[in-house]
Structure formats: C-alpha cells, structure tokens
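run.cif follows (mmCIF, C-alpha atoms):
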data_entry
#
loop_
_atom_site.label_atom_id
_atom_site.label_comp_id
_atom_site.auth_asym_id
_atom_site.auth_seq_id
_atom_site.Cartn_x
_atom_site.Cartn_y
_atom_site.Cartn_z
CA MET F 1 -60.91 -89.00 113.10
CA ASN F 2 -61.63 -92.71 113.21
CA ARG F 3 -62.36 -92.70 109.52
CA PHE F 4 -58.74 -91.81 108.74
CA LYS F 5 -57.23 -94.35 111.08
CA ASP F 6 -56.17 -96.77 108.33
CA SER F 7 -55.11 -94.16 105.81
CA GLU F 8 -53.22 -91.87 108.14
CA HIS F 9 -49.86 -92.95 106.72
CA LEU F 10 -51.05 -91.91 103.28
CA LEU F 11 -51.96 -88.45 104.49
CA ARG F 12 -48.46 -88.11 105.84
CA VAL F 13 -47.03 -88.88 102.41
CA VAL F 14 -49.39 -86.34 100.85
CA GLY F 15 -48.21 -83.81 103.39
CA VAL F 16 -44.56 -84.44 102.56
CA PHE F 17 -45.42 -84.18 98.87
CA LEU F 18 -47.15 -80.83 99.34
CA VAL F 19 -44.22 -79.44 101.32
CA GLY F 20 -41.97 -80.57 98.50
CA VAL F 21 -44.13 -78.88 95.88
CA THR F 22 -44.21 -75.67 97.90
CA LEU F 23 -40.47 -75.73 98.29
CA PHE F 24 -40.09 -76.28 94.54
CA LEU F 25 -42.44 -73.39 93.72
CA CYS F 26 -40.65 -71.08 96.14
CA LEU F 27 -37.21 -71.94 94.77
CA ARG F 28 -38.49 -71.61 91.22
CA ALA F 29 -39.93 -68.19 91.94
CA TRP F 30 -36.63 -67.26 93.57
CA PHE F 31 -34.39 -68.38 90.72
CA VAL F 32 -36.47 -67.63 87.60
CA PRO F 33 -36.24 -63.92 86.77
CA LYS F 34 -39.52 -62.03 87.04
CA SER F 35 -39.59 -61.04 83.39
CA PHE F 36 -39.04 -64.58 82.12
CA GLY F 37 -41.95 -65.50 79.88
CA GLU F 38 -43.08 -61.92 79.40
CA PHE F 39 -42.76 -62.13 75.58
CA GLY F 40 -41.87 -65.80 75.24
CA HIS F 41 -39.51 -68.40 76.64
CA TYR F 42 -36.83 -65.90 77.57
CA ARG F 43 -36.05 -63.06 79.96
CA GLY F 44 -38.09 -60.05 78.84
CA ASP F 45 -35.75 -57.62 80.59
CA SER F 46 -32.89 -58.60 78.30
CA LEU F 47 -34.54 -56.63 75.47
CA ALA F 48 -34.28 -53.43 77.45
CA GLU F 49 -30.73 -54.33 78.48
CA ILE F 50 -29.62 -54.84 74.88
CA ALA F 51 -31.48 -51.70 73.80
CA ALA F 52 -29.56 -49.74 76.44
CA LEU F 53 -26.11 -50.53 74.99
CA PRO F 54 -24.08 -47.41 74.17
CA ILE F 55 -24.39 -45.82 70.72
CA ILE F 56 -21.01 -45.39 69.01
CA HIS F 57 -22.02 -44.02 65.59
CA ALA F 58 -23.89 -40.76 66.03
CA GLY F 59 -25.73 -40.96 62.70
CA HIS F 60 -25.57 -38.41 59.89
CA GLU F 61 -28.68 -36.53 61.11
CA THR F 62 -26.78 -35.66 64.29
CA CYS F 63 -23.70 -34.49 62.36
CA GLU F 64 -25.81 -32.37 60.03
CA THR F 65 -27.38 -30.37 62.85
CA CYS F 66 -24.01 -28.59 63.33
CA HIS F 67 -22.06 -29.18 60.09
CA THR F 68 -24.60 -27.54 57.79
CA ASP F 69 -21.84 -26.08 55.58
CA VAL F 70 -20.48 -29.54 54.79
CA LEU F 71 -24.01 -30.77 54.13
CA GLU F 72 -24.49 -28.06 51.48
CA VAL F 73 -21.22 -28.97 49.74
CA LYS F 74 -22.00 -32.67 49.90
CA LYS F 75 -25.55 -32.26 48.57
CA ALA F 76 -24.28 -30.76 45.33
CA GLY F 77 -21.69 -33.46 44.66
CA LYS F 78 -21.34 -37.16 43.98
CA HIS F 79 -20.92 -37.96 47.66
CA ALA F 80 -24.39 -36.66 48.55
CA ASN F 81 -25.53 -40.05 49.81
CA VAL F 82 -22.33 -41.05 51.58
CA ASN F 83 -22.89 -40.63 55.30
CA CYS F 84 -20.37 -38.72 57.39
CA GLU F 85 -19.25 -41.68 59.49
CA ALA F 86 -18.57 -43.80 56.41
CA CYS F 87 -15.30 -41.85 56.08
CA HIS F 88 -14.84 -40.11 59.43
CA GLY F 89 -15.51 -43.19 61.55
CA PRO F 90 -17.67 -43.43 64.67
CA GLN F 91 -18.24 -39.98 66.15
CA ALA F 92 -20.85 -40.32 68.92
CA LYS F 93 -18.26 -39.19 71.49
CA HIS F 94 -17.55 -36.07 69.44
CA ALA F 95 -21.29 -35.42 69.06
CA ASP F 96 -21.78 -35.71 72.84
CA ASP F 97 -18.92 -33.38 73.64
CA PRO F 98 -17.91 -31.41 70.52
CA GLY F 99 -15.65 -29.07 72.49
CA SER F 100 -13.10 -31.53 73.86
CA VAL F 101 -13.34 -34.62 71.61
CA LYS F 102 -11.99 -33.66 68.19
CA PRO F 103 -12.03 -36.25 65.41
CA LEU F 104 -8.84 -36.84 63.43
CA LEU F 105 -8.89 -35.99 59.76
CA PRO F 106 -8.57 -39.18 57.73
CA ASP F 107 -5.61 -39.70 55.41
CA THR F 108 -7.17 -39.47 51.96
CA SER F 109 -4.45 -41.49 50.25
CA VAL F 110 -5.62 -44.51 52.28
CA LEU F 111 -9.27 -43.65 52.84
CA CYS F 112 -10.38 -42.98 49.26
CA ALA F 113 -8.64 -46.10 47.94
CA ARG F 114 -10.77 -48.30 50.21
CA CYS F 115 -13.69 -47.58 47.92
CA HIS F 116 -12.15 -46.30 44.70
CA GLU F 117 -9.28 -48.77 44.17
CA ALA F 118 -10.01 -50.67 40.96
CA SER F 119 -10.98 -54.32 41.37
CA SER F 120 -12.43 -56.85 38.99
CA ALA F 121 -15.11 -57.74 41.55
CA LYS F 122 -16.43 -54.18 41.85
CA PRO F 123 -19.59 -53.35 39.94
CA LYS F 124 -18.90 -51.77 36.55
CA TRP F 125 -20.80 -48.55 37.32
CA PHE F 126 -18.57 -47.67 40.24
CA PRO F 127 -15.84 -45.07 39.55
CA ALA F 128 -12.51 -46.70 40.38
CA VAL F 129 -8.85 -46.09 39.57
CA ILE F 130 -5.58 -47.93 40.03
CA THR F 131 -4.20 -45.54 42.62
CA ALA F 132 -0.56 -46.45 41.92
CA GLU F 133 -1.00 -45.16 38.36
CA HIS F 134 -3.60 -42.46 39.07
CA SER F 135 -2.06 -40.56 41.98
CA MET F 136 1.22 -42.34 42.77
CA GLY F 137 0.68 -42.19 46.53
CA MET F 138 -0.32 -38.52 46.64
CA PRO F 139 -3.21 -37.71 48.95
CA CYS F 140 -6.41 -37.58 46.88
CA ASN F 141 -7.37 -34.19 48.26
CA THR F 142 -4.38 -32.65 46.50
CA CYS F 143 -6.69 -32.38 43.48
CA HIS F 144 -10.14 -33.50 44.65
CA THR F 145 -12.23 -32.12 47.49
CA SER F 146 -13.46 -35.05 49.53
CA HIS F 147 -17.00 -33.81 50.12
CA SER F 148 -17.64 -33.05 46.44
CA PRO F 149 -14.94 -34.92 44.56
CA LYS F 150 -15.66 -34.00 40.94
CA ILE F 151 -12.97 -31.72 39.50
CA GLN F 152 -14.45 -28.75 37.66
CA GLY F 153 -14.12 -29.12 33.90
CA ASP F 154 -13.33 -32.83 34.23
CA LYS F 155 -15.25 -35.13 31.90
CA LYS F 156 -16.08 -37.77 34.51
CA MET I 1 -57.57 -80.06 111.77
CA ASN I 2 -53.79 -80.27 111.52
CA MET I 3 -54.10 -81.13 107.86
CA SER I 4 -56.22 -78.15 106.95
CA ARG I 5 -53.77 -75.75 108.59
CA ARG I 6 -50.96 -77.25 106.57
CA PHE I 7 -53.10 -76.88 103.48
CA PHE I 8 -53.81 -73.27 104.36
CA ILE I 9 -50.13 -72.42 104.74
CA THR I 10 -49.32 -74.17 101.47
CA LEU I 11 -52.04 -72.32 99.63
CA THR I 12 -51.15 -68.87 100.95
CA GLY I 13 -47.50 -69.47 100.09
CA ALA I 14 -48.35 -70.43 96.52
CA ALA I 15 -50.82 -67.56 96.17
CA GLY I 16 -48.21 -65.11 97.41
CA ILE I 17 -45.73 -66.28 94.76
CA ALA I 18 -48.36 -66.03 92.03
CA TRP I 19 -49.31 -62.51 93.11
CA GLU I 20 -45.70 -61.37 93.00
CA HIS I 21 -45.52 -62.53 89.39
CA VAL I 22 -48.57 -60.40 88.57
CA LEU I 23 -47.10 -57.33 90.24
CA ALA I 24 -43.71 -57.62 88.47
CA GLY I 25 -44.73 -55.28 85.63
CA THR I 26 -43.12 -54.72 82.23
CA PRO I 27 -39.80 -52.97 81.55
CA GLU I 28 -39.71 -50.24 78.95
CA ILE I 29 -37.27 -50.18 76.04
CA SER I 30 -37.70 -46.61 74.87
CA PRO I 31 -40.65 -44.37 75.65
CA ASN I 32 -41.64 -43.80 72.02
CA TYR I 33 -40.85 -47.28 70.76
CA LYS I 34 -43.76 -49.68 70.45
CA ILE I 35 -42.37 -53.16 70.11
CA THR I 36 -45.36 -54.60 68.25
CA ASP I 37 -45.33 -51.86 65.59
CA HIS I 38 -42.18 -53.14 63.87
CA TRP I 39 -40.93 -56.18 61.99
CA TRP I 40 -37.29 -55.57 61.16
CA ALA I 41 -35.51 -56.83 58.08
CA MET I 42 -32.62 -55.80 55.86
CA LEU I 43 -32.31 -55.29 52.15
CA ILE I 44 -28.95 -55.83 50.44
CA ASP I 45 -28.35 -54.90 46.82
CA VAL I 46 -25.43 -57.06 45.70
CA ASP I 47 -24.90 -54.88 42.61
CA LYS I 48 -24.13 -51.92 44.83
CA CYS I 49 -21.60 -53.58 47.11
CA ILE I 50 -18.04 -52.44 46.37
CA GLY I 51 -16.36 -54.53 49.08
CA CYS I 52 -14.91 -51.54 50.92
CA GLY I 53 -15.34 -53.13 54.35
CA ASN I 54 -16.95 -50.05 55.90
CA CYS I 55 -19.81 -52.14 57.29
CA VAL I 56 -17.45 -54.64 58.91
CA ARG I 57 -15.41 -51.90 60.58
CA ALA I 58 -18.49 -49.97 61.68
CA CYS I 59 -20.04 -53.11 63.14
CA ALA I 60 -16.88 -53.98 65.04
CA ALA I 61 -16.68 -50.47 66.50
CA GLU I 62 -20.37 -50.21 67.35
CA ASN I 63 -20.70 -53.61 68.97
CA ASN I 64 -17.24 -54.14 70.42
CA VAL I 65 -16.74 -57.27 68.33
CA PRO I 66 -13.56 -59.16 69.35
CA GLU I 67 -10.76 -59.28 66.82
CA GLY I 68 -11.00 -62.13 64.37
CA PHE I 69 -14.77 -62.52 64.85
CA PHE I 70 -17.46 -60.92 62.75
CA ARG I 71 -21.14 -60.08 63.10
CA THR I 72 -21.15 -58.98 59.50
CA TRP I 73 -18.60 -59.78 56.85
CA ILE I 74 -18.12 -59.54 53.09
CA GLU I 75 -17.42 -62.48 50.81
CA ARG I 76 -15.85 -62.16 47.38
CA TYR I 77 -17.25 -64.66 44.92
CA GLN I 78 -15.78 -65.82 41.69
CA ASP I 79 -18.10 -68.01 39.68
CA ASP I 80 -17.55 -69.77 36.39
CA GLU I 81 -21.06 -70.24 34.98
CA HIS I 82 -21.87 -72.64 37.83
CA ILE I 83 -19.65 -75.25 36.14
CA GLN I 84 -17.58 -75.73 39.25
CA ASP I 85 -17.89 -74.59 42.84
CA PRO I 86 -17.49 -70.84 43.18
CA LEU I 87 -14.27 -69.50 44.66
CA VAL I 88 -15.03 -67.61 47.85
CA ASP I 89 -12.68 -65.60 49.99
CA SER I 90 -13.11 -63.14 52.83
CA PRO I 91 -9.72 -61.98 54.15
CA ASN I 92 -10.28 -60.74 57.72
CA GLY I 93 -14.00 -60.58 56.99
CA GLY I 94 -13.33 -58.05 54.24
CA MET I 95 -12.65 -55.52 56.99
CA ASN I 96 -9.72 -53.94 55.15
CA GLY I 97 -11.13 -54.35 51.68
CA PHE I 98 -9.92 -56.87 49.11
CA LEU I 99 -6.56 -57.03 47.40
CA PRO I 100 -6.49 -58.56 43.92
CA ARG I 101 -6.19 -62.34 44.06
CA ALA I 102 -2.65 -63.65 43.88
CA ALA I 103 -1.69 -64.59 40.32
CA GLY I 104 -2.74 -68.10 39.40
CA THR I 105 -5.18 -68.58 42.32
CA GLY I 106 -8.36 -67.29 40.73
CA LEU I 107 -10.66 -68.80 38.14
CA THR I 108 -9.94 -67.86 34.56
CA GLY I 109 -12.12 -67.98 31.50
CA ASN I 110 -14.69 -66.00 29.63
CA GLY I 111 -17.66 -66.88 31.81
CA VAL I 112 -16.05 -65.91 35.10
CA LYS I 113 -17.79 -63.20 37.05
CA GLU I 114 -16.84 -61.64 40.33
CA PHE I 115 -18.91 -59.88 42.95
CA PHE I 116 -19.12 -59.10 46.66
CA VAL I 117 -21.79 -60.44 49.00
CA PRO I 118 -22.18 -58.85 52.44
CA LYS I 119 -23.47 -61.28 55.03
CA LEU I 120 -24.93 -60.99 58.49
CA CYS I 121 -27.49 -62.67 60.72
CA ASN I 122 -30.64 -63.19 58.68
CA HIS I 123 -32.92 -62.60 61.68
CA CYS I 124 -35.00 -65.56 60.60
CA ALA I 125 -38.66 -65.63 61.51
CA ASP I 126 -38.38 -69.40 62.09
CA SER I 127 -34.80 -69.42 63.25
CA PRO I 128 -33.09 -72.77 63.83
CA CYS I 129 -30.72 -71.19 66.34
CA THR I 130 -33.40 -70.12 68.82
CA GLN I 131 -35.12 -73.50 68.65
CA VAL I 132 -32.09 -75.40 69.92
CA CYS I 133 -31.27 -73.16 72.88
CA PRO I 134 -31.78 -75.27 76.01
CA VAL I 135 -32.12 -72.34 78.42
CA GLY I 136 -34.07 -69.67 76.55
CA ALA I 137 -31.02 -67.44 76.14
CA THR I 138 -31.67 -66.71 72.47
CA PHE I 139 -35.00 -65.73 71.06
CA THR I 140 -36.89 -63.79 68.43
CA THR I 141 -38.24 -60.51 69.79
CA PRO I 142 -41.80 -59.37 69.04
CA ASP I 143 -40.29 -56.92 66.52
CA GLY I 144 -38.51 -59.69 64.62
CA VAL I 145 -34.91 -59.45 65.82
CA VAL I 146 -33.02 -62.55 66.98
CA LEU I 147 -31.12 -61.64 70.13
CA ILE I 148 -28.97 -63.31 72.77
CA ASP I 149 -29.37 -62.81 76.50
CA GLU I 150 -25.73 -62.90 77.56
CA LYS I 151 -26.65 -63.27 81.22
CA TYR I 152 -28.55 -66.46 80.44
CA CYS I 153 -26.27 -67.99 77.81
CA LEU I 154 -24.32 -71.03 79.01
CA GLY I 155 -21.99 -71.04 76.02
CA CYS I 156 -23.06 -74.56 75.03
CA ARG I 157 -22.58 -73.80 71.30
CA TYR I 158 -25.76 -75.54 70.14
CA CYS I 159 -26.90 -72.37 68.38
CA VAL I 160 -23.51 -71.88 66.73
CA GLN I 161 -23.94 -75.27 65.10
CA ALA I 162 -27.60 -74.77 64.31
CA CYS I 163 -27.22 -71.52 62.35
CA PRO I 164 -27.10 -72.50 58.66
CA TYR I 165 -25.52 -69.15 57.80
CA GLY I 166 -22.59 -69.33 60.22
CA CYS I 167 -23.53 -66.05 61.86
CA ARG I 168 -22.77 -66.91 65.48
CA TYR I 169 -19.52 -67.14 67.38
CA ILE I 170 -18.46 -67.70 70.97
CA HIS I 171 -16.90 -64.66 72.58
CA PRO I 172 -13.36 -65.75 73.50
CA GLU I 173 -13.39 -64.13 76.95
CA LYS I 174 -17.04 -63.96 77.99
CA ASN I 175 -17.62 -67.51 76.70
CA VAL I 176 -21.15 -66.69 75.54
CA ALA I 177 -22.65 -66.81 72.06
CA GLN I 178 -22.75 -63.52 70.19
CA LYS I 179 -24.09 -62.38 66.86
CA CYS I 180 -25.58 -59.44 64.99
CA THR I 181 -28.25 -57.70 67.07
CA LEU I 182 -29.40 -55.67 64.07
CA CYS I 183 -28.09 -52.82 66.24
CA TYR I 184 -31.10 -53.23 68.51
CA HIS I 185 -29.79 -50.38 70.68
CA ARG I 186 -29.95 -48.08 67.63
CA ILE I 187 -33.09 -49.16 65.79
CA THR I 188 -35.18 -48.88 68.96
CA LYS I 189 -34.12 -45.22 69.10
CA GLY I 190 -34.95 -44.39 65.51
CA LEU I 191 -31.40 -44.74 64.14
CA THR I 192 -30.34 -47.11 61.41
CA THR I 193 -27.81 -49.87 62.02
CA ALA I 194 -24.09 -49.04 62.14
CA CYS I 195 -23.42 -51.02 58.94
CA CYS I 196 -26.18 -49.21 57.02
CA GLU I 197 -24.94 -45.90 58.39
CA ALA I 198 -21.42 -46.58 57.16
CA CYS I 199 -22.31 -48.13 53.79
CA PRO I 200 -21.21 -45.56 51.20
CA THR I 201 -23.26 -46.88 48.27
CA GLY I 202 -26.52 -47.68 50.04
CA SER I 203 -26.09 -51.37 49.32
CA ARG I 204 -27.50 -52.14 52.75
CA GLN I 205 -30.82 -50.77 53.88
CA LEU I 206 -32.53 -51.40 57.18
CA ALA I 207 -36.20 -52.13 56.54
CA ASP I 208 -39.31 -52.25 58.68
CA LEU I 209 -41.75 -54.60 57.03
CA LYS I 210 -44.62 -53.44 59.26
CA ASN I 211 -44.19 -49.83 58.17
CA PRO I 212 -46.29 -49.35 55.01
CA ASN I 213 -44.21 -46.31 54.03
CA ASP I 214 -40.91 -48.15 54.13
CA PRO I 215 -39.18 -48.00 50.71
CA ILE I 216 -38.60 -51.77 50.85
CA HIS I 217 -42.19 -52.41 49.70
CA GLU I 218 -41.71 -50.35 46.56
CA PHE I 219 -38.33 -51.97 45.95
CA MET I 220 -39.71 -55.50 46.32
CA LYS I 221 -42.46 -54.77 43.80
CA LYS I 222 -40.00 -53.68 41.14
CA HIS I 223 -37.03 -55.98 41.72
CA SER I 224 -36.27 -59.65 42.01
CA VAL I 225 -35.37 -60.40 45.58
CA GLN I 226 -34.04 -63.58 47.13
CA VAL I 227 -33.00 -64.81 50.57
CA LEU I 228 -30.06 -67.08 51.33
CA LYS I 229 -30.78 -70.83 51.53
CA PRO I 230 -34.53 -70.54 50.96
CA GLN I 231 -34.73 -74.34 50.88
CA MET I 232 -34.06 -74.38 54.62
CA ALA I 233 -37.32 -72.52 55.30
CA THR I 234 -35.79 -70.41 58.01
CA GLY I 235 -37.92 -67.40 57.15
CA ALA I 236 -34.77 -65.34 56.60
CA LYS I 237 -35.40 -61.60 56.62
CA VAL I 238 -32.23 -60.35 54.96
CA TYR I 239 -33.37 -59.88 51.39
CA TYR I 240 -30.82 -59.84 48.59
CA ALA I 241 -31.40 -58.10 45.29
CA ASN I 242 -29.40 -59.25 42.25
CA LEU I 243 -28.16 -62.31 44.07
CA ASP I 244 -26.36 -64.90 41.98
CA GLY I 245 -27.38 -68.54 42.31
CA SER I 246 -23.87 -69.60 43.23
CA VAL I 247 -24.06 -67.78 46.57
CA ARG I 248 -24.59 -70.07 49.54
#
Translate the structure described by the file into structure tokens.
Amino acid sequence: MNRFKDSEHLLRVVGVFLVGVTLFLCLRAWFVPKSFGEFGHYRGDSLAEIAALPIIHAGHETCETCHTDVLEVKKAGKHANVNCEACHGPQAKHADDPGSVKPLLPDTSVLCARCHEASSAKPKWFPAVITAEHSMGMPCNTCHTSHSPKIQGDKK
Amino acid sequence: MNMSRRFFITLTGAAGIAWEHVLAGTPEISPNYKITDHWWAMLIDVDKCIGCGNCVRACAAENNVPEGFFRTWIERYQDDEHIQDPLVDSPNGGMNGFLPRAAGTGLTGNGVKEFFVPKLCNHCADSPCTQVCPVGATFTTPDGVVLIDEKYCLGCRYCVQACPYGCRYIHPEKNVAQKCTLCYHRITKGLTTACCEACPTGSRQLADLKNPNDPIHEFMKKHSVQVLKPQMATGAKVYYANLDGSVR
C-alpha cells in the first residue's frame, strides 16, 4: 500500500469518476427506450406502433368478397377500375360489422359532379359535362346507373 | 483491496445494463411482413389526375388529419409557356374539387395550359427532414418510408422547415410534427394506401421498387418519369409521369 501513498488522492478522483460514469450509464439505460437504435437512430418500436393504427378504408378486395353482384355489373362498364370507396367513402366499419353499420347511399347529383364536372384543367380524354346544362340539378342516377354509367344506345 | 471491490461493482452494473439491451428483442410489425423485402414508392400520372379531391378526403379520413392541414393535396397549375411564373391554387387542398377560376384572375392566351398535380411526402431516400431532427423522432424505415415517432417528437419544427416540398405540419393540438406515412398501417398488411384506393382514375399507384413484378418497372421503361426538385438530390421516391417543367 506504500506505493500508492502519494497518489491516493488521484485514486479517489478516479473512483468518483467511475461512480459518475456508472450513474450516467444507469440513467441512460433507464431513459433510452430499449428499441432505440434497433434499425437506426430512432425508436424501433415506433414502426410497429404506426403499423398498428386502425384501418379506415376496407379496400375493394374486402368489399368484393360480399358484393359480387356489384362487381359483375362494374366489370362490364366504364367504372370497372373505380374502387368502391372512391364513391362510397371509408367503409372498414361496415366491413367489420355488416349487420349493424349500414353505409349511406351517396347523393349522385353531388357525387358524380366531383369527377365529371367540366373544367379546363381536366385532361381532354376524361368524360365531363357542365352539370347545370346537362342535368339541371337532377340526380345522375335518374338516367345513368352509377356502377355502369353508359346509357344503352348512347353514342358516348 | 477497497478499489478492486469498487471496480467489481462498477463492472457488474455495466455488464448487467449491457445484457438487458441484448435481451430486449425485436418487435414484430405483421407476421407475414418482412421489412427488408420492400422499398416503397409512389407513381403519379399527371395526365390522369382530374382534380376530384378523392385522395385528399380519403387521406383525411384514414389518418385523422386535422382540418386545414393536409398530408396530400392537389394543386391546379396554369402555365403560359414558362414565360411567367405559373399560377398555382389549391383551395382547401383540393379536397372539394376545383371551381372554375373567377373571371379575370387566370392567365389568358393561346399557350396557356392547365393541369392538376397531386402532392404528398416524397419519402426521400436522402431526406433533408430526417437529417435535421435533433432527437431521432423522424427517420427512414428499412422499407423506405419516412415516418415520425410522435412519442419522441418535441415539436421543434426543424423538419417542417427542412422539407423542400412543404409536406409537414405541426398538429395544432398534439404539437408534434405530422406528415404522410404512406399509410404504413395499410401497406404493411398488404393493402394499398387510402389515396390510391380512392383515386378513381388510377393516377396514383403505390409501388414497391424491390418487387420485380411490380408494374412500376414496366411503366418506367416505357414512359418518361420525373421527380419533384431533382436538383435538391433528396432521392425523392414519388415519381411523376407527364410532369410539366413549371411544377415546383
């Protein structure tokens, strides 16, 4: 022990330093979430948390498992590639519980115009009308069927 | 002797902490989803966008976006042969579609063209927004989606300023940054994003660049495709077909 007689005060400082480092490591382990750094400089668990958010739009595959009749009508018409929820809105709640949650039927005089109202910015290939002149506020499904809108014998 | 005991206690403490880190394990996202098998992107065909606002409404419903803020929005451009700055408007993000411009407010002339451009987070591979985050609250996932950890976000707004595309906003009540998640909760379960689901013309297409059978590869071979602000080298992964040079 004689050897350390002159440097004993230094050892004390080293001891205090080591206690400090230990304390820092303990606090760091306590405060930094376990998954931090799993994929990078962020909390890895947040990926699973974001992935677990609720689904609001069921997706057309889900709709088509039950509504096969509509799918057949749609397939034959111009709206074949328009997904169900594009017009009917988010329906995951209805898909989860079809018995009690019934979707409202959209008002076609408003709904169809969202896409088919004429506008100079719309691409030229897209079929559009000035609804005020074309239907004068009448619901579009007076003449057209929404799922296959072409009128039989019509040129367009 | 006293010293070595102190050392021993220090060492065992540190070793215990290290061991706990090893034992922590990895959380699972979805049993059939392998995070390294995907590299998500989006393809937008400007010529197919009709400005109906379906994507904006679907996004707001799917992600509970506060009113007046947008994770995706549609801009209407009016450009006069690049002679002057294009006229851009986006009333309420294009959520309710676009009324004709008020008389006298638009550009006039023979060379004027008009079109819609849907916008969203570009999920950049070298994103400026994630680089500035001081706390590691925003990041690019191994499958190429830029996300925000709302539990970690301080709301310091650095990322909002850093995004060259203006895709981020601060949630007015939660006071954290938010943005498009590319519907991470849907794409990890095999669904497409809400905006792609609701797009009636197929202008938007979710794409997985790591999937060799994804139609995006065929599309990119046959069409001219551009990203927004390529000069910023952000590695943007929202690819635009038929994009006009006036779009910024």
Counting all atoms listed in the file, which residues from chain F have an atom at most 9 Å from any atom of chain I, and could you show them as JSON, numbers by chain? {"F": [11, 15, 18, 19, 21, 22, 25, 26, 29, 34, 35, 38, 39, 40, 41, 42, 43, 44, 45, 46, 47, 48, 49, 50, 51, 52, 53, 54, 55, 56, 57, 58, 59, 60, 79, 81, 82, 83, 84, 85, 86, 87, 89, 90, 113, 114, 115, 116, 119, 120, 121, 122, 123, 125, 126]}
Using only C-alpha atoms, which residues sit within 12 Å of His217 (chain I) once same-chain residues fewer than 4 positions away are excluded, as a PDB file with C-alpha atoms, keeping the file's coordinate frame?
ATOM      1  CA  ALA I  41     -35.510 -56.830  58.080  1.00  0.00           C
ATOM      2  CA  MET I  42     -32.620 -55.800  55.860  1.00  0.00           C
ATOM      3  CA  LEU I  43     -32.310 -55.290  52.150  1.00  0.00           C
ATOM      4  CA  ALA I 207     -36.200 -52.130  56.540  1.00  0.00           C
ATOM      5  CA  ASP I 208     -39.310 -52.250  58.680  1.00  0.00           C
ATOM      6  CA  LEU I 209     -41.750 -54.600  57.030  1.00  0.00           C
ATOM      7  CA  LYS I 210     -44.620 -53.440  59.260  1.00  0.00           C
ATOM      8  CA  ASN I 211     -44.190 -49.830  58.170  1.00  0.00           C
ATOM      9  CA  PRO I 212     -46.290 -49.350  55.010  1.00  0.00           C
ATOM     10  CA  ASN I 213     -44.210 -46.310  54.030  1.00  0.00           C
ATOM     11  CA  LYS I 221     -42.460 -54.770  43.800  1.00  0.00           C
ATOM     12  CA  LYS I 222     -40.000 -53.680  41.140  1.00  0.00           C
ATOM     13  CA  HIS I 223     -37.030 -55.980  41.720  1.00  0.00           C
ATOM     14  CA  VAL I 225     -35.370 -60.400  45.580  1.00  0.00           C
ATOM     15  CA  TYR I 239     -33.370 -59.880  51.390  1.00  0.00           C
TER      16      TYR I 239
END
Tell me, as a short mmCIF file (atom, residue, chain, number, x, y, z; two decimals) with C-alpha atoms, keeping the file's coordinate frame, which residues lie within 7 Å of Val129 (chain F), counting all atoms listed in the file; anything in the same chain fewer than 3 positions away does not count.
data_model
loop_
_atom_site.label_atom_id
_atom_site.label_comp_id
_atom_site.auth_asym_id
_atom_site.auth_seq_id
_atom_site.Cartn_x
_atom_site.Cartn_y
_atom_site.Cartn_z
CA HIS F 116 -12.15 -46.30 44.70
CA GLU F 117 -9.28 -48.77 44.17
CA ALA F 118 -10.01 -50.67 40.96
CA HIS F 134 -3.60 -42.46 39.07
#
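Note that CA of Ser246 (chain I) and CA of Leu87 (chain I) are 9.7 Å apart.
Closest approach to Thr72 (chain I) among I:Met232, I:Val88, I:Val112, I:Val117: I:Val117, based on all atoms listed in the file.
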Please, what distance in Å, to one decimal, runs between CA of His88 (chain F) and CA of Pro215 (chain I)?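 These two atoms are separated by 27.0 Å.
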To one decimal place in Å, what is the distance between CA of His123 (chain I) and CA of Arg168 (chain I)? 11.7 Å
Kindly resolve the PyMOL selection byres ((chain I and resi 177) around 12) on the present coordinates and return the residues as a ChimeraX atom specification. /I:65,69,71,129-130,133,137-138,147-161,163,167-176,178-181
Nearby residues (all atoms listed in the file) at most 7 Å from Thr108 (chain F), same-chain spacing under 4 positions excluded, as a PyMOL selection string: chain F and resi 112+139-141
Selection to disk with C-alpha atoms, as a PDB file, in the frame of the given file:
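Ended up saving to selection17.pdb:
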ATOM      1  CA  CYS F 112     -10.380 -42.980  49.260  1.00  0.00           C
ATOM      2  CA  PRO F 139      -3.210 -37.710  48.950  1.00  0.00           C
ATOM      3  CA  CYS F 140      -6.410 -37.580  46.880  1.00  0.00           C
ATOM      4  CA  ASN F 141      -7.370 -34.190  48.260  1.00  0.00           C
TER       5      ASN F 141
END
Which of these, F:Ser7, F:Glu64, F:Val73, F:Trp30, has the shortest distance to His147 (chain F) once you count all atoms listed in the file?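 Going through F:Ser7, F:Glu64, F:Val73, F:Trp30 one by one, the smallest distance to His147 (chain F) is for F:Val73.
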Which residues are near Pro128 (chain I)? Cut-off 7 Å, only C-alpha atoms, ignore same chain within fewer than 3 positions. Put them as an MDAnalysis selection string. chainID I and resid 131:132 162:163 234
